[in-house]
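This is protein00.cif (mmCIF, N, CA and C atoms).
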```cif
data_work
loop_
_atom_site.label_atom_id
_atom_site.label_comp_id
_atom_site.auth_asym_id
_atom_site.auth_seq_id
_atom_site.Cartn_x
_atom_site.Cartn_y
_atom_site.Cartn_z
N MET A 1 115.56 88.26 88.16
CA MET A 1 116.03 87.13 88.93
C MET A 1 115.54 85.85 88.25
N THR A 2 116.40 84.87 88.17
CA THR A 2 116.00 83.62 87.53
C THR A 2 115.10 82.83 88.47
N ARG A 3 114.39 81.86 87.91
CA ARG A 3 113.54 81.00 88.73
C ARG A 3 114.39 80.24 89.75
N GLU A 4 115.56 79.79 89.32
CA GLU A 4 116.42 79.03 90.22
C GLU A 4 116.87 79.88 91.41
N GLU A 5 117.22 81.14 91.17
CA GLU A 5 117.61 82.04 92.26
C GLU A 5 116.44 82.29 93.20
N PHE A 6 115.25 82.44 92.63
CA PHE A 6 114.06 82.67 93.43
C PHE A 6 113.74 81.43 94.27
N GLU A 7 113.88 80.25 93.69
CA GLU A 7 113.65 79.00 94.43
C GLU A 7 114.58 78.89 95.63
N VAL A 8 115.82 79.31 95.46
CA VAL A 8 116.78 79.29 96.57
C VAL A 8 116.29 80.18 97.71
N LEU A 9 115.75 81.36 97.36
CA LEU A 9 115.23 82.27 98.39
C LEU A 9 114.07 81.62 99.15
N VAL A 10 113.19 80.93 98.43
CA VAL A 10 112.05 80.28 99.06
C VAL A 10 112.54 79.15 99.98
N LYS A 11 113.48 78.35 99.50
CA LYS A 11 114.02 77.26 100.33
C LYS A 11 114.73 77.79 101.57
N LYS A 12 115.46 78.90 101.42
CA LYS A 12 116.12 79.50 102.58
C LYS A 12 115.09 80.01 103.58
N ALA A 13 114.00 80.58 103.09
CA ALA A 13 112.95 81.09 103.98
C ALA A 13 112.36 79.93 104.79
N ILE A 14 112.10 78.82 104.13
CA ILE A 14 111.58 77.64 104.85
C ILE A 14 112.61 77.15 105.86
N GLY A 15 113.88 77.24 105.48
CA GLY A 15 114.95 76.81 106.38
C GLY A 15 115.08 77.65 107.63
N THR A 16 114.54 78.88 107.61
CA THR A 16 114.63 79.75 108.78
C THR A 16 113.57 79.42 109.83
N LEU A 17 112.65 78.53 109.50
CA LEU A 17 111.63 78.15 110.48
C LEU A 17 112.30 77.50 111.69
N PRO A 18 111.79 77.78 112.88
CA PRO A 18 112.30 77.05 114.05
C PRO A 18 112.08 75.55 113.86
N GLU A 19 112.98 74.77 114.41
CA GLU A 19 112.96 73.32 114.23
C GLU A 19 111.62 72.71 114.65
N GLU A 20 111.00 73.22 115.72
CA GLU A 20 109.74 72.65 116.19
C GLU A 20 108.62 72.86 115.16
N PHE A 21 108.71 73.90 114.33
CA PHE A 21 107.72 74.11 113.27
C PHE A 21 108.03 73.24 112.05
N LYS A 22 109.32 73.13 111.71
CA LYS A 22 109.69 72.28 110.57
C LYS A 22 109.27 70.84 110.79
N ARG A 23 109.39 70.37 112.03
CA ARG A 23 109.04 68.97 112.35
C ARG A 23 107.56 68.69 112.11
N VAL A 24 106.70 69.68 112.34
CA VAL A 24 105.26 69.44 112.21
C VAL A 24 104.68 70.00 110.91
N LEU A 25 105.51 70.51 110.07
CA LEU A 25 105.07 70.97 108.75
C LEU A 25 104.88 69.72 107.90
N ASN A 26 103.61 69.30 107.73
CA ASN A 26 103.41 68.04 107.02
C ASN A 26 102.27 68.13 106.01
N ASN A 27 102.41 67.29 105.01
CA ASN A 27 101.44 67.19 103.92
C ASN A 27 101.19 68.55 103.26
N VAL A 28 102.27 69.25 102.96
CA VAL A 28 102.17 70.54 102.30
C VAL A 28 103.28 70.65 101.25
N ALA A 29 102.91 71.12 100.07
CA ALA A 29 103.87 71.34 99.00
C ALA A 29 103.99 72.84 98.76
N VAL A 30 105.22 73.30 98.59
CA VAL A 30 105.45 74.71 98.30
C VAL A 30 105.87 74.81 96.83
N THR A 31 105.12 75.61 96.08
CA THR A 31 105.40 75.77 94.65
C THR A 31 105.61 77.24 94.34
N ILE A 32 106.18 77.48 93.18
CA ILE A 32 106.41 78.85 92.70
C ILE A 32 105.75 78.98 91.34
N GLU A 33 105.00 80.05 91.19
CA GLU A 33 104.38 80.39 89.91
C GLU A 33 104.79 81.80 89.54
N ASP A 34 104.72 82.11 88.25
CA ASP A 34 105.05 83.47 87.81
C ASP A 34 104.06 84.48 88.33
N GLU A 35 102.78 84.21 88.14
CA GLU A 35 101.71 85.15 88.48
C GLU A 35 100.49 84.38 88.98
N PRO A 36 99.67 85.04 89.81
CA PRO A 36 98.38 84.41 90.15
C PRO A 36 97.47 84.39 88.93
N SER A 37 96.64 83.39 88.84
CA SER A 37 95.73 83.29 87.70
C SER A 37 94.57 84.27 87.87
N PRO A 38 93.92 84.62 86.77
CA PRO A 38 92.72 85.47 86.89
C PRO A 38 91.67 84.85 87.80
N LEU A 39 91.53 83.53 87.77
CA LEU A 39 90.56 82.85 88.63
C LEU A 39 90.93 83.01 90.11
N GLU A 40 92.21 82.84 90.44
CA GLU A 40 92.65 83.02 91.83
C GLU A 40 92.39 84.45 92.30
N LEU A 41 92.72 85.41 91.45
CA LEU A 41 92.49 86.81 91.81
C LEU A 41 91.01 87.10 92.00
N SER A 42 90.18 86.54 91.13
CA SER A 42 88.74 86.75 91.22
C SER A 42 88.17 86.12 92.49
N ARG A 43 88.57 84.89 92.78
CA ARG A 43 88.06 84.19 93.96
C ARG A 43 88.40 84.91 95.26
N LEU A 44 89.55 85.59 95.26
CA LEU A 44 90.00 86.28 96.46
C LEU A 44 89.66 87.77 96.44
N HIS A 45 88.92 88.19 95.42
CA HIS A 45 88.48 89.58 95.28
C HIS A 45 89.66 90.55 95.23
N VAL A 46 90.72 90.15 94.52
CA VAL A 46 91.89 91.00 94.34
C VAL A 46 91.67 91.80 93.07
N ARG A 47 91.57 93.12 93.22
CA ARG A 47 91.27 93.98 92.07
C ARG A 47 92.13 95.24 92.09
N GLY A 48 92.14 95.90 90.95
CA GLY A 48 92.81 97.20 90.85
C GLY A 48 94.29 97.11 91.17
N ALA A 49 94.73 97.98 92.07
CA ALA A 49 96.16 98.05 92.41
C ALA A 49 96.57 96.96 93.40
N MET A 50 95.61 96.18 93.88
CA MET A 50 95.94 95.10 94.82
C MET A 50 96.70 93.99 94.09
N THR A 51 97.41 93.19 94.84
CA THR A 51 98.12 92.07 94.24
C THR A 51 98.14 90.90 95.21
N LEU A 52 98.59 89.77 94.74
CA LEU A 52 98.66 88.55 95.53
C LEU A 52 100.09 88.03 95.47
N PHE A 53 100.73 87.92 96.62
CA PHE A 53 102.11 87.46 96.68
C PHE A 53 102.22 85.97 96.94
N GLY A 54 101.25 85.43 97.66
CA GLY A 54 101.27 84.01 97.99
C GLY A 54 99.86 83.52 98.25
N LEU A 55 99.69 82.21 98.21
CA LEU A 55 98.37 81.62 98.38
C LEU A 55 98.49 80.27 99.07
N TYR A 56 97.70 80.09 100.13
CA TYR A 56 97.61 78.81 100.81
C TYR A 56 96.30 78.15 100.42
N GLN A 57 96.36 76.91 99.99
CA GLN A 57 95.17 76.13 99.65
C GLN A 57 95.27 74.79 100.36
N GLY A 58 94.29 74.49 101.17
CA GLY A 58 94.31 73.22 101.86
C GLY A 58 93.49 73.23 103.13
N VAL A 59 93.78 72.27 103.97
CA VAL A 59 93.11 72.13 105.26
C VAL A 59 94.12 72.47 106.34
N PRO A 60 93.93 73.60 107.04
CA PRO A 60 94.88 73.96 108.10
C PRO A 60 94.98 72.86 109.15
N GLN A 61 96.13 72.74 109.76
CA GLN A 61 96.34 71.68 110.76
C GLN A 61 95.31 71.75 111.88
N THR A 62 94.86 72.95 112.22
CA THR A 62 93.88 73.08 113.31
C THR A 62 92.50 72.57 112.92
N LYS A 63 92.26 72.32 111.63
CA LYS A 63 90.95 71.84 111.16
C LYS A 63 90.98 70.35 110.79
N ARG A 64 92.14 69.73 110.93
CA ARG A 64 92.27 68.32 110.56
C ARG A 64 91.78 67.45 111.71
N GLY A 65 90.84 66.61 111.39
CA GLY A 65 90.30 65.71 112.40
C GLY A 65 90.77 64.29 112.17
N SER A 66 90.09 63.37 112.82
CA SER A 66 90.46 61.96 112.70
C SER A 66 90.19 61.41 111.29
N ASN A 67 89.36 62.10 110.53
CA ASN A 67 89.07 61.67 109.15
C ASN A 67 90.10 62.16 108.15
N TYR A 68 91.08 62.92 108.61
CA TYR A 68 92.07 63.49 107.70
C TYR A 68 93.08 62.42 107.29
N SER A 69 92.83 61.80 106.15
CA SER A 69 93.76 60.81 105.62
C SER A 69 93.49 60.65 104.13
N PHE A 70 94.49 60.17 103.42
CA PHE A 70 94.39 59.93 101.99
C PHE A 70 93.95 61.19 101.23
N VAL A 71 94.51 62.33 101.59
CA VAL A 71 94.19 63.58 100.91
C VAL A 71 95.43 64.11 100.21
N LEU A 72 95.19 64.88 99.17
CA LEU A 72 96.31 65.52 98.48
C LEU A 72 96.97 66.51 99.42
N PRO A 73 98.24 66.79 99.20
CA PRO A 73 98.92 67.76 100.07
C PRO A 73 98.30 69.15 99.95
N ASP A 74 98.38 69.90 101.05
CA ASP A 74 98.08 71.32 100.98
C ASP A 74 99.07 71.94 100.00
N LYS A 75 98.72 73.11 99.50
CA LYS A 75 99.60 73.75 98.53
C LYS A 75 99.81 75.21 98.92
N ILE A 76 101.06 75.58 99.01
CA ILE A 76 101.44 76.97 99.19
C ILE A 76 102.09 77.40 97.88
N THR A 77 101.53 78.46 97.28
CA THR A 77 102.09 78.98 96.04
C THR A 77 102.67 80.35 96.32
N ILE A 78 103.90 80.55 95.90
CA ILE A 78 104.58 81.83 96.02
C ILE A 78 104.68 82.41 94.60
N PHE A 79 104.21 83.65 94.43
CA PHE A 79 104.15 84.27 93.10
C PHE A 79 105.36 85.18 92.90
N GLN A 80 106.23 84.77 92.01
CA GLN A 80 107.50 85.45 91.78
C GLN A 80 107.31 86.86 91.20
N GLY A 81 106.46 87.00 90.19
CA GLY A 81 106.30 88.29 89.53
C GLY A 81 105.89 89.41 90.46
N PRO A 82 104.80 89.26 91.21
CA PRO A 82 104.40 90.33 92.13
C PRO A 82 105.45 90.66 93.18
N ILE A 83 106.15 89.64 93.68
CA ILE A 83 107.18 89.89 94.69
C ILE A 83 108.32 90.68 94.09
N GLU A 84 108.74 90.32 92.89
CA GLU A 84 109.84 91.06 92.26
C GLU A 84 109.44 92.49 91.94
N ARG A 85 108.20 92.71 91.55
CA ARG A 85 107.76 94.07 91.26
C ARG A 85 107.66 94.91 92.53
N PHE A 86 107.42 94.26 93.65
CA PHE A 86 107.29 94.95 94.93
C PHE A 86 108.64 95.41 95.47
N GLY A 87 109.69 94.64 95.20
CA GLY A 87 111.02 94.94 95.74
C GLY A 87 111.86 95.75 94.77
N TRP A 88 112.60 96.69 95.32
CA TRP A 88 113.47 97.51 94.47
C TRP A 88 114.89 96.95 94.43
N SER A 89 115.23 96.16 95.40
CA SER A 89 116.58 95.60 95.45
C SER A 89 116.48 94.11 95.73
N GLU A 90 117.58 93.43 95.49
CA GLU A 90 117.61 91.99 95.76
C GLU A 90 117.38 91.71 97.24
N GLU A 91 117.90 92.58 98.11
CA GLU A 91 117.71 92.41 99.55
C GLU A 91 116.24 92.55 99.93
N GLN A 92 115.54 93.52 99.34
CA GLN A 92 114.11 93.69 99.62
C GLN A 92 113.31 92.49 99.12
N ILE A 93 113.68 91.97 97.96
CA ILE A 93 113.00 90.79 97.42
C ILE A 93 113.21 89.61 98.37
N LYS A 94 114.44 89.44 98.83
CA LYS A 94 114.76 88.35 99.76
C LYS A 94 113.90 88.46 101.03
N GLU A 95 113.80 89.66 101.61
CA GLU A 95 113.00 89.86 102.82
C GLU A 95 111.52 89.61 102.56
N HIS A 96 111.05 90.06 101.40
CA HIS A 96 109.63 89.89 101.09
C HIS A 96 109.29 88.42 100.85
N VAL A 97 110.18 87.69 100.19
CA VAL A 97 109.98 86.25 100.00
C VAL A 97 109.84 85.58 101.36
N ARG A 98 110.73 85.90 102.27
CA ARG A 98 110.67 85.30 103.61
C ARG A 98 109.35 85.63 104.29
N ASP A 99 108.94 86.89 104.23
CA ASP A 99 107.68 87.29 104.85
C ASP A 99 106.49 86.54 104.27
N VAL A 100 106.45 86.42 102.95
CA VAL A 100 105.33 85.75 102.28
C VAL A 100 105.32 84.26 102.60
N VAL A 101 106.48 83.62 102.55
CA VAL A 101 106.56 82.19 102.86
C VAL A 101 106.09 81.94 104.29
N LEU A 102 106.56 82.74 105.23
CA LEU A 102 106.16 82.55 106.63
C LEU A 102 104.68 82.84 106.83
N HIS A 103 104.16 83.82 106.11
CA HIS A 103 102.73 84.15 106.18
C HIS A 103 101.88 82.95 105.74
N GLU A 104 102.23 82.37 104.61
CA GLU A 104 101.45 81.25 104.08
C GLU A 104 101.61 80.01 104.95
N ILE A 105 102.79 79.79 105.50
CA ILE A 105 102.97 78.67 106.42
C ILE A 105 102.13 78.89 107.68
N GLY A 106 101.99 80.14 108.08
CA GLY A 106 101.11 80.46 109.21
C GLY A 106 99.69 79.99 108.95
N HIS A 107 99.21 80.18 107.72
CA HIS A 107 97.88 79.69 107.36
C HIS A 107 97.81 78.16 107.45
N HIS A 108 98.88 77.49 107.05
CA HIS A 108 98.94 76.03 107.15
C HIS A 108 98.76 75.58 108.61
N PHE A 109 99.29 76.37 109.54
CA PHE A 109 99.16 76.05 110.96
C PHE A 109 97.86 76.58 111.56
N GLY A 110 97.00 77.17 110.71
CA GLY A 110 95.68 77.57 111.18
C GLY A 110 95.55 79.00 111.65
N LEU A 111 96.58 79.82 111.43
CA LEU A 111 96.52 81.21 111.86
C LEU A 111 95.78 82.07 110.84
N SER A 112 95.03 83.04 111.34
CA SER A 112 94.35 84.01 110.46
C SER A 112 95.35 85.10 110.05
N ASP A 113 94.95 85.91 109.07
CA ASP A 113 95.82 87.03 108.67
C ASP A 113 96.13 87.92 109.86
N LYS A 114 95.13 88.18 110.67
CA LYS A 114 95.31 89.06 111.84
C LYS A 114 96.29 88.45 112.84
N GLU A 115 96.16 87.15 113.08
CA GLU A 115 97.06 86.47 114.02
C GLU A 115 98.49 86.44 113.48
N ILE A 116 98.63 86.23 112.18
CA ILE A 116 99.96 86.22 111.56
C ILE A 116 100.60 87.58 111.68
N GLN A 117 99.83 88.62 111.41
CA GLN A 117 100.36 89.98 111.51
C GLN A 117 100.78 90.29 112.95
N LYS A 118 99.98 89.88 113.90
CA LYS A 118 100.30 90.12 115.31
C LYS A 118 101.56 89.37 115.72
N ALA A 119 101.72 88.13 115.25
CA ALA A 119 102.89 87.32 115.58
C ALA A 119 104.16 87.91 115.00
N GLY A 120 104.05 88.62 113.87
CA GLY A 120 105.21 89.20 113.22
C GLY A 120 105.72 90.46 113.88
N LYS A 121 104.96 90.99 114.83
CA LYS A 121 105.37 92.24 115.50
C LYS A 121 106.29 91.96 116.64
#
```
Please express what this file holds, its structure, as structure tokens.
Amino acid sequence: MTREEFEVLVKKAIGTLPEEFKRVLNNVAVTIEDEPSPLELSRLHVRGAMTLFGLYQGVPQTKRGSNYSFVLPDKITIFQGPIERFGWSEEQIKEHVRDVVLHEIGHHFGLSDKEIQKAGK
């Protein structure tokens, strides 16, 4: 899949957010990288057969106080390579992109992995 096709999937996933979430999604940039860096994998203790599909870096909205100003945007990175290797078909890749994008946006809103998993059920 080309980068442009993958970018379309990511944009569509963001577009599926309910309007009330899109309105409050602020100061966050969504980027696409081929692979997570060795440093990112090391910092998150990702080893062996484990992989990283997406990464949220920033200050979750629930942790932003009155001092939150003049800061760089939060960053959500979606890793194309691991997602493509995980999916066997274009439809599976599309579904996995959506899941990963929504998972990382959940972190932006202050949800833990456990809370995100529970919300997805």
Handout entry: DSSP strand (DSSP E) residues within stretch 51-121 of chain A, as a PyMOL selection string
Key = chain A and resi 54-57+74-79
Practice task
Identify all residues of chain A in helix (DSSP H, G or I) (DSSP on the backbone) and supply them as a ChimeraX atom specification.
Solution key: /A:3-15,19-24,38-43,61-63,80-86,90-108,113-119
Exercise for the section: Tell me which of A:Ala13, A:Ile93, A:Leu72, A:Leu25 sits closest to A:His108, counting only C-alpha atoms. Expected result: A:Leu25
Handout entry: Point-to-point distance in Å for atom CA of A:Lys75 and atom CA of A:Tyr56
Key = 5.9 Å
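Nearest residue to A:Val24 among A:Gly48, A:Ile105, A:Lys118, A:Gly54 is A:Ile105, counting only C-alpha atoms.
Across the structure, atom CA of A:Gly106 and atom C of A:Arg64 are spaced 16.2 Å apart.
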Exercise for the section: Report the residues retrieved by the PyMOL selection byres ((chain A and resi 80) around 8) from the displayed file, expressed as a ChimeraX atom specification. Expected result: /A:6,31-36,52-54,77-79,81-86
Fill in the blank from the handout: re atom N of A:Val97 and atom N of A:Leu55: distance 12.0 Å
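Considering only C-alpha atoms, the residue among A:Val30, A:Val71, A:Met1, A:Ala49 positioned nearest to A:Val101 is A:Val30.
Of the residues listed (A:Ile116, A:Val100, A:Leu41, A:Leu111), A:Leu111 shows the shortest atom-to-atom separation from A:Pro60; distances use only N, CA and C atoms.
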For stretch 24-41 of chain A, take all atoms listed in the file, fit an axis-aligned box around them, add 5 Å to each of the six sides, then output centre and edge lengths in Å rounded to one decimal, as JSON.
```
{"center_x": 98.6, "center_y": 77.1, "center_z": 99.6, "size_x": 26.1, "size_y": 29.9, "size_z": 35.6}
```
